[in-house]
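> Structure file data_35.txt (compact mmCIF, C-alpha atoms and all ligand atoms) right here:
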```txt
# COMPACT_ATOMS: atom_id res chain seq x y z
CA MET A 1 -9.25 9.44 -27.08
CA ASN A 2 -12.38 7.34 -26.83
CA SER A 3 -13.30 5.72 -23.58
CA GLU A 4 -12.50 2.06 -22.95
CA LEU A 5 -13.79 -0.57 -20.58
CA ARG A 6 -10.67 -2.42 -19.47
CA TYR A 7 -10.59 -5.70 -17.59
CA HIS A 8 -8.24 -5.88 -14.61
CA GLN A 9 -6.52 -9.23 -15.08
CA THR A 10 -5.66 -9.97 -11.48
CA LEU A 11 -8.56 -8.27 -9.68
CA GLY A 12 -11.14 -9.73 -12.04
CA GLU A 13 -13.09 -6.51 -12.48
CA TRP A 14 -13.92 -3.94 -15.13
CA VAL A 15 -12.70 -0.36 -15.02
CA LEU A 16 -14.06 2.43 -17.20
CA ILE A 17 -11.26 4.62 -18.56
CA ALA A 18 -13.11 7.73 -19.64
CA PRO A 19 -11.29 11.05 -20.01
CA ARG A 20 -13.56 13.92 -19.01
CA ARG A 21 -14.51 15.85 -22.12
CA GLN A 22 -13.19 19.17 -20.82
CA ASP A 23 -9.81 17.49 -20.18
CA GLY A 24 -9.18 16.96 -23.88
CA LYS A 25 -7.65 20.39 -24.21
CA LYS A 26 -5.60 20.19 -21.03
CA LYS A 27 -1.85 20.27 -21.02
CA PRO A 28 -0.41 17.36 -19.08
CA ASN A 29 0.75 19.68 -16.34
CA GLU A 30 -2.83 20.51 -15.47
CA PHE A 31 -3.37 16.98 -14.22
CA LYS A 32 -1.97 18.35 -11.02
CA LYS A 33 -5.30 20.00 -10.38
CA TYR A 34 -7.01 16.62 -9.99
CA LEU A 35 -4.92 15.88 -7.01
CA SER A 36 -3.61 19.02 -5.42
CA ILE A 37 -5.06 19.73 -1.99
CA GLU A 38 -4.20 21.76 1.04
CA ARG A 39 -2.76 19.67 3.80
CA LYS A 40 -1.78 21.64 6.86
CA PRO A 41 0.81 20.23 9.27
CA SER A 42 -0.54 20.05 12.82
CA PRO A 43 1.40 22.18 15.38
CA LEU A 44 4.32 20.34 16.99
CA LYS A 45 2.98 21.34 20.42
CA THR A 46 -0.14 19.23 20.07
CA CYS A 47 1.46 16.26 18.28
CA PRO A 48 1.34 13.13 20.49
CA PHE A 49 4.60 11.84 18.99
CA GLU A 50 6.85 14.80 19.74
CA ASP A 51 8.15 13.88 23.18
CA GLU A 52 11.34 11.84 23.32
CA ASN A 53 9.97 8.62 24.70
CA LEU A 54 6.44 8.82 23.31
CA LYS A 55 4.81 8.79 26.75
CA ARG A 56 2.49 11.54 25.54
CA SER A 57 1.16 9.26 22.79
CA GLY A 58 -0.78 7.20 25.33
CA ASN A 59 0.40 3.94 23.78
CA PHE A 60 3.60 3.48 25.76
CA PRO A 61 5.58 1.19 25.80
CA PRO A 62 6.57 0.49 22.20
CA TYR A 63 7.00 -3.09 20.97
CA PHE A 64 10.41 -2.07 19.65
CA TRP A 65 12.30 0.90 18.26
CA PHE A 66 15.21 1.65 15.94
CA PRO A 67 18.15 1.98 16.31
CA GLU A 68 17.88 -1.07 18.52
CA THR A 69 21.31 -0.50 20.01
CA LYS A 70 20.52 2.99 21.32
CA PRO A 71 18.36 4.15 24.25
CA LEU A 72 14.71 4.97 23.57
CA GLU A 73 15.26 8.76 23.50
CA LYS A 74 17.44 8.36 20.41
CA TRP A 75 14.65 6.66 18.45
CA SER A 76 14.27 7.20 14.73
CA LEU A 77 11.32 4.82 14.43
CA GLN A 78 8.96 3.15 16.89
CA VAL A 79 6.35 0.41 16.63
CA LEU A 80 3.48 0.85 19.08
CA PRO A 81 0.00 -0.50 19.73
CA ASN A 82 -2.66 1.85 18.37
CA LYS A 83 -4.30 3.85 21.16
CA PHE A 84 -7.62 3.65 19.35
CA PRO A 85 -7.50 0.20 17.74
CA ALA A 86 -10.07 -0.68 15.09
CA LEU A 87 -10.10 -4.20 16.53
CA GLU A 88 -9.99 -5.71 20.02
CA LYS A 89 -6.93 -7.71 21.05
CA ILE A 90 -6.74 -11.09 19.39
CA SER A 91 -8.67 -13.65 21.37
CA ASP A 92 -11.25 -16.15 20.31
CA CYS A 93 -12.99 -15.35 17.05
CA ARG A 94 -16.08 -17.47 16.78
CA ILE A 95 -18.66 -16.76 14.12
CA GLU A 96 -22.17 -16.62 15.59
CA LYS A 97 -25.59 -16.51 14.02
CA ARG A 98 -27.87 -13.57 14.76
CA GLY A 99 -31.18 -14.33 13.03
CA ILE A 100 -30.24 -14.77 9.38
CA TYR A 101 -27.01 -12.77 9.90
CA PHE A 102 -23.49 -13.79 10.87
CA VAL A 103 -21.44 -11.93 13.45
CA ALA A 104 -17.89 -12.31 14.72
CA ARG A 105 -16.31 -10.12 17.37
CA GLY A 106 -13.99 -7.51 15.90
CA VAL A 107 -10.80 -9.12 17.13
CA GLY A 108 -7.34 -8.63 15.72
CA SER A 109 -4.31 -6.44 16.25
CA HIS A 110 -3.72 -2.84 15.28
CA ASP A 111 -0.25 -1.30 15.47
CA LEU A 112 1.45 1.89 14.38
CA VAL A 113 4.89 2.51 12.91
CA ILE A 114 6.00 6.09 13.69
CA THR A 115 8.95 7.82 12.07
CA ARG A 116 10.57 10.61 14.02
CA ASN A 117 10.31 13.67 11.78
CA HIS A 118 6.95 15.42 12.04
CA PHE A 119 7.00 16.72 8.46
CA HIS A 120 8.63 14.00 6.36
CA SER A 121 6.28 11.64 4.58
CA PHE A 122 7.72 8.48 3.02
CA GLY A 123 8.97 10.19 -0.13
CA ASP A 124 10.91 12.72 1.98
CA LEU A 125 12.73 10.19 4.17
CA LYS A 126 16.46 9.56 3.88
CA ASN A 127 17.29 6.21 2.31
CA GLN A 128 18.20 4.65 5.62
CA GLU A 129 15.00 5.90 7.25
CA ALA A 130 12.87 4.50 4.44
CA GLU A 131 14.65 1.15 4.73
CA GLU A 132 14.00 1.12 8.47
CA VAL A 133 10.25 1.49 7.86
CA PHE A 134 10.22 -1.65 5.71
CA LEU A 135 12.45 -3.53 8.16
CA ALA A 136 9.96 -2.60 10.90
CA PHE A 137 7.02 -3.76 8.75
CA GLN A 138 8.62 -7.15 8.34
CA LYS A 139 9.80 -7.47 11.94
CA ARG A 140 6.31 -6.75 13.34
CA PHE A 141 4.74 -8.95 10.65
CA ARG A 142 6.89 -11.86 11.77
CA GLN A 143 6.02 -11.27 15.43
CA LEU A 144 2.30 -11.22 14.64
CA ALA A 145 2.59 -14.28 12.42
CA LEU A 146 3.40 -16.34 15.53
CA ASN A 147 -0.19 -15.84 16.64
CA LYS A 148 -2.07 -18.71 15.02
CA LYS A 149 -5.37 -16.80 15.21
CA ILE A 150 -4.20 -14.19 12.73
CA ALA A 151 -5.08 -15.18 9.17
CA TYR A 152 -3.97 -12.10 7.29
CA ILE A 153 -1.83 -9.03 7.98
CA SER A 154 -2.49 -5.76 6.22
CA ILE A 155 0.23 -3.10 6.09
CA PHE A 156 -0.74 0.34 4.82
CA CYS A 157 -0.15 4.07 4.94
CA ASN A 158 -2.71 6.88 4.94
CA TRP A 159 -1.00 10.17 4.18
CA GLY A 160 -3.20 13.24 4.53
CA PRO A 161 -6.82 13.72 5.61
CA GLN A 162 -8.24 12.87 2.18
CA ALA A 163 -6.48 9.53 2.43
CA GLY A 164 -8.04 8.90 5.83
CA ALA A 165 -5.23 9.99 8.19
CA SER A 166 -6.61 11.36 11.46
CA ILE A 167 -3.25 12.58 12.76
CA PHE A 168 -0.75 14.56 10.72
CA HIS A 169 2.47 13.01 12.05
CA PRO A 170 3.71 10.45 9.46
CA HIS A 171 2.69 6.96 10.49
CA TYR A 172 2.07 3.52 9.01
CA GLN A 173 -0.39 0.89 10.20
CA ILE A 174 -0.30 -2.87 10.60
CA ILE A 175 -3.59 -4.68 11.15
CA GLY A 176 -3.80 -8.41 11.90
CA LEU A 177 -7.13 -9.98 10.94
CA PRO A 178 -8.70 -13.29 11.97
CA VAL A 179 -10.15 -13.66 8.43
CA ILE A 180 -8.79 -13.32 4.88
CA PRO A 181 -10.27 -10.14 3.39
CA HIS A 182 -12.48 -10.49 0.33
CA SER A 183 -10.29 -8.63 -2.17
CA VAL A 184 -7.28 -10.78 -1.22
CA SER A 185 -9.19 -14.05 -1.37
CA ARG A 186 -10.64 -13.10 -4.75
CA SER A 187 -7.20 -12.23 -6.10
CA LEU A 188 -5.88 -15.52 -4.68
CA LEU A 189 -8.63 -17.45 -6.42
CA ILE A 190 -8.06 -15.70 -9.76
CA SER A 191 -4.31 -16.31 -9.61
CA LYS A 192 -4.81 -19.93 -8.52
CA ASP A 193 -7.19 -20.56 -11.40
CA TYR A 194 -4.73 -18.98 -13.86
CA PHE A 195 -1.91 -21.09 -12.42
CA ARG A 196 -3.93 -24.28 -12.84
CA LYS A 197 -4.67 -23.51 -16.49
CA ASN A 198 -1.31 -22.07 -17.56
CA LYS A 199 1.21 -23.41 -15.04
CA ARG A 200 2.44 -19.86 -14.60
CA CYS A 201 1.93 -17.03 -12.12
CA ILE A 202 -0.55 -14.46 -13.43
CA HIS A 203 1.45 -11.62 -11.89
CA CYS A 204 4.71 -12.81 -13.47
CA ASP A 205 2.87 -12.81 -16.81
CA VAL A 206 1.56 -9.29 -16.22
CA LEU A 207 5.13 -8.16 -15.47
CA LYS A 208 6.40 -9.80 -18.66
CA GLU A 209 3.68 -8.06 -20.67
CA GLU A 210 4.44 -4.68 -19.08
CA MET A 211 8.17 -5.05 -19.78
CA LYS A 212 7.39 -5.98 -23.38
CA GLU A 213 4.93 -3.12 -23.98
CA LYS A 214 6.88 -0.57 -21.89
CA LYS A 215 4.03 1.95 -22.18
CA ARG A 216 2.96 1.97 -18.57
CA ILE A 217 6.31 1.62 -16.79
CA VAL A 218 7.14 4.43 -14.38
CA TYR A 219 10.37 3.02 -12.99
CA GLU A 220 12.40 -0.15 -13.44
CA ASN A 221 15.58 -1.56 -12.00
CA LYS A 222 17.12 -5.03 -11.92
CA ASN A 223 14.78 -6.41 -9.28
CA TYR A 224 11.65 -4.24 -9.23
CA LEU A 225 9.09 -2.91 -11.69
CA ALA A 226 6.78 0.06 -11.00
CA PHE A 227 3.97 0.62 -13.50
CA VAL A 228 0.48 2.07 -13.91
CA PRO A 229 -1.81 -0.98 -14.22
CA PHE A 230 -3.49 -1.56 -17.62
CA ALA A 231 -6.93 -1.26 -15.98
CA SER A 232 -5.92 1.22 -13.32
CA LYS A 233 -8.85 2.03 -11.03
CA GLU A 234 -7.62 5.52 -10.18
CA PRO A 235 -5.53 8.05 -12.11
CA PHE A 236 -1.79 7.71 -11.36
CA TRP A 237 -2.17 4.45 -9.44
CA VAL A 238 1.27 2.80 -9.38
CA SER A 239 1.92 -0.90 -8.67
CA VAL A 240 5.36 -1.95 -7.42
CA PHE A 241 6.28 -5.62 -7.98
CA PRO A 242 9.41 -7.65 -7.37
CA LYS A 243 10.43 -9.18 -10.71
CA LYS A 244 11.35 -12.43 -9.01
CA HIS A 245 8.37 -14.60 -8.06
CA GLN A 246 7.94 -14.30 -4.28
CA PRO A 247 4.60 -14.96 -2.54
CA PHE A 248 5.44 -13.88 1.00
CA PHE A 249 6.48 -10.39 2.11
CA GLU A 250 7.64 -11.83 5.45
CA ASP A 251 10.21 -14.06 3.68
CA LEU A 252 12.03 -11.26 1.82
CA SER A 253 15.75 -10.98 2.49
CA GLN A 254 16.93 -7.76 4.16
CA LYS A 255 18.56 -6.74 0.91
CA ASP A 256 15.33 -7.18 -1.13
CA LEU A 257 13.32 -5.47 1.59
CA LYS A 258 15.58 -2.42 1.61
CA GLU A 259 15.52 -2.22 -2.16
CA ALA A 260 11.69 -2.33 -2.16
CA ALA A 261 11.66 0.57 0.32
CA LEU A 262 13.87 2.67 -1.94
CA VAL A 263 11.74 1.99 -5.02
CA VAL A 264 8.59 3.04 -3.13
CA LYS A 265 10.36 6.15 -1.83
CA LYS A 266 11.37 7.04 -5.38
CA ILE A 267 7.81 6.69 -6.70
CA LEU A 268 6.31 8.70 -3.84
CA ALA A 269 8.88 11.48 -4.32
CA LEU A 270 7.97 11.50 -8.02
CA ILE A 271 4.23 11.67 -7.25
CA LYS A 272 4.84 14.52 -4.80
CA ARG A 273 6.81 16.51 -7.37
CA LYS A 274 4.72 15.83 -10.45
CA LEU A 275 1.25 15.90 -8.93
CA ASN A 276 1.57 18.77 -6.48
CA ASP A 277 2.02 16.78 -3.29
CA PRO A 278 -1.28 14.90 -3.13
CA ASP A 279 -2.61 12.85 -0.24
CA TYR A 280 -2.15 9.14 -0.91
CA ASN A 281 -2.51 5.62 0.37
CA PHE A 282 -0.16 2.75 -0.13
CA PHE A 283 -0.67 -0.84 0.90
CA ILE A 284 1.02 -4.20 0.67
CA HIS A 285 -0.66 -7.29 -0.76
CA THR A 286 0.91 -10.53 0.37
CA ALA A 287 -0.23 -14.15 0.72
CA PRO A 288 -2.20 -15.07 3.88
CA LEU A 289 -0.56 -16.65 6.92
CA ILE A 290 -2.81 -19.65 7.14
CA GLU A 291 -2.11 -22.65 4.90
CA LYS A 292 0.94 -20.96 3.40
CA LYS A 293 1.72 -23.90 1.15
CA LYS A 294 -1.55 -23.35 -0.72
CA HIS A 295 -0.60 -19.81 -1.68
CA THR A 296 2.79 -20.20 -3.34
CA HIS A 297 1.22 -19.14 -6.67
CA TYR A 298 0.71 -15.63 -5.25
CA HIS A 299 3.15 -12.75 -5.87
CA TRP A 300 3.49 -10.08 -3.19
CA HIS A 301 3.36 -6.44 -4.28
CA LEU A 302 2.64 -2.91 -3.15
CA GLU A 303 0.05 -0.48 -4.51
CA ILE A 304 0.37 3.31 -4.38
CA VAL A 305 -2.83 5.30 -4.84
CA PRO A 306 -2.73 9.10 -4.96
CA LYS A 307 -6.06 10.48 -3.75
CA SER A 308 -8.20 12.02 -6.44
CA ASN A 309 -11.79 11.27 -7.29
CA ILE A 310 -14.52 10.33 -4.89
CA SER A 311 -16.59 7.23 -5.61
CA ALA A 312 -20.06 8.31 -6.66
CA GLY A 313 -23.37 6.61 -7.47
CA PHE A 314 -22.12 4.74 -10.54
CA GLU A 315 -19.12 3.29 -8.69
CA LEU A 316 -21.19 2.37 -5.64
CA GLY A 317 -23.99 0.93 -7.77
CA THR A 318 -21.86 -1.11 -10.15
CA GLY A 319 -18.43 -1.56 -8.54
CA ILE A 320 -16.97 -0.14 -11.77
CA GLU A 321 -14.54 2.70 -11.13
CA ILE A 322 -14.30 5.54 -13.62
CA ASN A 323 -10.72 6.65 -14.25
CA PRO A 324 -10.40 9.90 -16.22
CA VAL A 325 -6.73 9.39 -17.17
CA PHE A 326 -5.50 6.69 -19.55
CA PRO A 327 -2.84 4.61 -17.76
CA GLU A 328 -0.37 5.12 -20.62
CA GLU A 329 -0.81 8.88 -20.32
CA ALA A 330 -0.42 8.74 -16.52
CA ALA A 331 2.85 6.79 -16.86
CA ARG A 332 4.15 9.17 -19.53
CA PHE A 333 3.32 12.15 -17.34
CA LEU A 334 4.96 10.74 -14.22
CA LYS A 335 8.14 9.94 -16.19
CA SER A 336 8.32 13.26 -18.06
CA LYS A 337 10.96 15.78 -17.06
ZN ZN B 401 4.72 15.02 15.24
ZN ZN B 402 4.87 -14.44 -9.86
```
Can the structure from this file be put into structure tokens for me?

Amino acid sequence: MNSELRYHQTLGEWVLIAPRRQDGKKKPNEFKKYLSIERKPSPLKTCPFEDENLKRSGNFPPYFWFPETKPLEKWSLQVLPNKFPALEKISDCRIEKRGIYFVARGVGSHDLVITRNHFHSFGDLKNQEAEEVFLAFQKRFRQLALNKKIAYISIFCNWGPQAGASIFHPHYQIIGLPVIPHSVSRSLLISKDYFRKNKRCIHCDVLKEEMKEKKRIVYENKNYLAFVPFASKEPFWVSVFPKKHQPFFEDLSQKDLKEAALVVKKILALIKRKLNDPDYNFFIHTAPLIEKKKHTHYHWHLEIVPKSNISAGFELGTGIEINPVFPEEAARFLKSK
């Protein structure tokens, strides 16, 4: 297949889909080699999350744990402050001038969600455990949202060293920022502009198109759609969207939240099986906390990105990612028996 420059509708950027020439002869199964890596579990002895009450972790006490009705030692999930936060505790965030430059103190919040089993990543969790992770995401999100200095909350998972995880034990991170990050504000602007012109949500239209074309769908049920984006920036990138228009992750009902968790679990289990257990990131995109009424045109979603190629000079120099696998082929491969 010839290469194609594809425009990402909601990110507003070009992606170069260019299969490597030597890949032309590859059987689909050999895609695994792009992604397979060796990830060694750390010994239980040295894991900071292996004592019953997490005192060894250095971030005691937790904000909360599940099951809420049981004593701490019976925890299946805990939400804790990060021992090495990327940001200082939320306080005043004034932007100052330093010569021609602008500086703000790195303030915000940085929390961890820890699941109990040392070896089980999200795709390996039992249904109830996966649901608990999403319930914890939302519970902590709502607590942080009470702080008026937090403008945006980012929820994400780094699984494996290639995906940026510094500890092996499965964990998820929640960062509260005093500013709206660039990629979110750009996506907000693009969707706002589209809404003004068409009186429709751009993401809802993308979902309609994907359900019509069916070529890039990986999984679908009544309420959720998981697909490889048309201009996917990485091979086997999977987007998970609620079919119903919903801007705010924090406003999901418990039922919708649990269902989202199970869809994500399903996709990650599929990626593990089909792509030889790669490292991955996933992250949630939701509307900002400030001026909520202005962002009702947004549509929350979750992106899953198995780790594969490293950005090189062309990507850094142009911002254009090169993806060696056509999204249609990636979807077909993930769905194949
Ligand atoms: Zn552990
Ligand atoms: Zn929508």
> Using only C-alpha atoms and all ligand atoms, which of A:Leu188, A:Ile284, A:Ala165, A:Val325 sits nearest ligand ZN 402 (chain B)?
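Going through A:Leu188, A:Ile284, A:Ala165, A:Val325 one by one, the smallest distance to ligand ZN 402 (chain B) is for A:Leu188.
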> Return as a list in words the residues of protein, DNA or RNA that approach ligand ZN 401 (chain B) to within 6 Å, with only C-alpha atoms and all ligand atoms taken into account.
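Result of the 6 Å neighbour search around ligand ZN 401 (chain B): Leu44, Cys47, Phe49, Glu50, His118 and His169 of chain A.
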> Write out as a short mmCIF file (atom, residue, chain, number, x, y, z; two decimals) with C-alpha atoms, in the frame of the given file the residues lying within 7 Å of stretch 225-231 of chain A, counting only C-alpha atoms and excluding same-chain residues fewer than 6 positions away.

```
data_model
loop_
_atom_site.label_atom_id
_atom_site.label_comp_id
_atom_site.auth_asym_id
_atom_site.auth_seq_id
_atom_site.Cartn_x
_atom_site.Cartn_y
_atom_site.Cartn_z
CA ARG A 6 -10.67 -2.42 -19.47
CA TYR A 7 -10.59 -5.70 -17.59
CA HIS A 8 -8.24 -5.88 -14.61
CA VAL A 15 -12.70 -0.36 -15.02
CA ARG A 216 2.96 1.97 -18.57
CA ILE A 217 6.31 1.62 -16.79
CA VAL A 218 7.14 4.43 -14.38
CA TYR A 219 10.37 3.02 -12.99
CA TRP A 237 -2.17 4.45 -9.44
CA VAL A 238 1.27 2.80 -9.38
CA SER A 239 1.92 -0.90 -8.67
CA VAL A 240 5.36 -1.95 -7.42
CA PHE A 241 6.28 -5.62 -7.98
CA PRO A 242 9.41 -7.65 -7.37
CA LYS A 243 10.43 -9.18 -10.71
CA PRO A 327 -2.84 4.61 -17.76
CA ALA A 331 2.85 6.79 -16.86
#
```
> Could you tell me how far atom CA of A:Pro41 lies from atom CA of A:Lys55, in Å and to one decimal?
21.3 Å
> Show me which residues are within 6 Å of ligand ZN 402 (chain B) counting all atoms listed in the file, and format the list as a PyMOL selection string.
chain A and resi 201+203-204+245+299
> Emit the selected residues as an mmCIF file, keeping the file's coordinate frame, including C-alpha atoms.

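Generated file (out07.cif):
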```cif
data_model
loop_
_atom_site.group_PDB
_atom_site.id
_atom_site.type_symbol
_atom_site.label_atom_id
_atom_site.label_comp_id
_atom_site.auth_asym_id
_atom_site.auth_seq_id
_atom_site.Cartn_x
_atom_site.Cartn_y
_atom_site.Cartn_z
ATOM 1 C CA CYS A 201 1.930 -17.030 -12.120
ATOM 2 C CA HIS A 203 1.450 -11.620 -11.890
ATOM 3 C CA CYS A 204 4.710 -12.810 -13.470
ATOM 4 C CA HIS A 245 8.370 -14.600 -8.060
ATOM 5 C CA HIS A 299 3.150 -12.750 -5.870
#
```
> What is the distance, in Å and to one decimal place, between atom CA of A:Lys215 and atom CA of A:Glu328?
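Computing it gives 5.6 Å between the two atoms.
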> So, counting all atoms listed in the file, which residue among A:Val263, A:Ala163, A:Glu291, A:Asn221 is closest to A:Ser308?
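Checking each of A:Val263, A:Ala163, A:Glu291, A:Asn221 against A:Ser308, counting all atoms listed in the file, the winner is A:Ala163.
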> What does stretch 65-83 of chain A look like written to a file with N, CA and C atoms, as a JSON list (two decimals), in the first residue's frame?

```json
[["chain", "number", "residue", "atom", "x", "y", "z"],
["A", 65, "TRP", "N", -9.45, 4.12, 50.56],
["A", 65, "TRP", "CA", -9.18, 2.79, 50.01],
["A", 65, "TRP", "C", -10.49, 2.05, 49.79],
["A", 66, "PHE", "N", -10.42, 1.00, 48.98],
["A", 66, "PHE", "CA", -11.56, 0.12, 48.74],
["A", 66, "PHE", "C", -11.19, -1.28, 49.23],
["A", 67, "PRO", "N", -12.10, -2.11, 49.77],
["A", 67, "PRO", "CA", -13.50, -1.75, 50.04],
["A", 67, "PRO", "C", -13.58, -0.79, 51.23],
["A", 68, "GLU", "N", -14.41, 0.22, 51.08],
["A", 68, "GLU", "CA", -14.51, 1.26, 52.10],
["A", 68, "GLU", "C", -14.99, 0.73, 53.44],
["A", 69, "THR", "N", -15.76, -0.36, 53.38],
["A", 69, "THR", "CA", -16.37, -0.88, 54.60],
["A", 69, "THR", "C", -15.41, -1.76, 55.41],
["A", 70, "LYS", "N", -14.27, -2.09, 54.84],
["A", 70, "LYS", "CA", -13.34, -3.01, 55.52],
["A", 70, "LYS", "C", -12.12, -2.26, 56.05],
["A", 71, "PRO", "N", -11.43, -2.86, 57.07],
["A", 71, "PRO", "CA", -10.22, -2.19, 57.58],
["A", 71, "PRO", "C", -9.14, -2.12, 56.50],
["A", 72, "LEU", "N", -8.21, -1.19, 56.71],
["A", 72, "LEU", "CA", -7.15, -0.90, 55.74],
["A", 72, "LEU", "C", -6.40, -2.15, 55.27],
["A", 73, "GLU", "N", -6.13, -3.09, 56.20],
["A", 73, "GLU", "CA", -5.34, -4.27, 55.79],
["A", 73, "GLU", "C", -6.01, -5.09, 54.70],
["A", 74, "LYS", "N", -7.33, -4.94, 54.58],
["A", 74, "LYS", "CA", -8.06, -5.74, 53.58],
["A", 74, "LYS", "C", -8.16, -5.01, 52.24],
["A", 75, "TRP", "N", -7.33, -3.99, 52.04],
["A", 75, "TRP", "CA", -7.48, -3.15, 50.85],
["A", 75, "TRP", "C", -7.31, -3.91, 49.55],
["A", 76, "SER", "N", -8.09, -3.52, 48.55],
["A", 76, "SER", "CA", -7.88, -4.03, 47.20],
["A", 76, "SER", "C", -7.38, -2.90, 46.30],
["A", 77, "LEU", "N", -7.59, -1.67, 46.76],
["A", 77, "LEU", "CA", -7.14, -0.49, 46.00],
["A", 77, "LEU", "C", -6.93, 0.66, 46.98],
["A", 78, "GLN", "N", -5.90, 1.45, 46.74],
["A", 78, "GLN", "CA", -5.68, 2.63, 47.60],
["A", 78, "GLN", "C", -5.37, 3.83, 46.73],
["A", 79, "VAL", "N", -5.77, 5.01, 47.21],
["A", 79, "VAL", "CA", -5.39, 6.26, 46.55],
["A", 79, "VAL", "C", -4.54, 7.06, 47.53],
["A", 80, "LEU", "N", -3.32, 7.36, 47.07],
["A", 80, "LEU", "CA", -2.30, 7.97, 47.93],
["A", 80, "LEU", "C", -1.69, 9.19, 47.27],
["A", 81, "PRO", "N", -1.11, 10.10, 48.09],
["A", 81, "PRO", "CA", -0.29, 11.14, 47.45],
["A", 81, "PRO", "C", 0.98, 10.52, 46.91],
["A", 82, "ASN", "N", 1.49, 11.01, 45.81],
["A", 82, "ASN", "CA", 2.75, 10.51, 45.26],
["A", 82, "ASN", "C", 3.91, 10.95, 46.18],
["A", 83, "LYS", "N", 4.81, 10.01, 46.47],
["A", 83, "LYS", "CA", 5.94, 10.33, 47.34],
["A", 83, "LYS", "C", 6.92, 11.30, 46.64]]
```
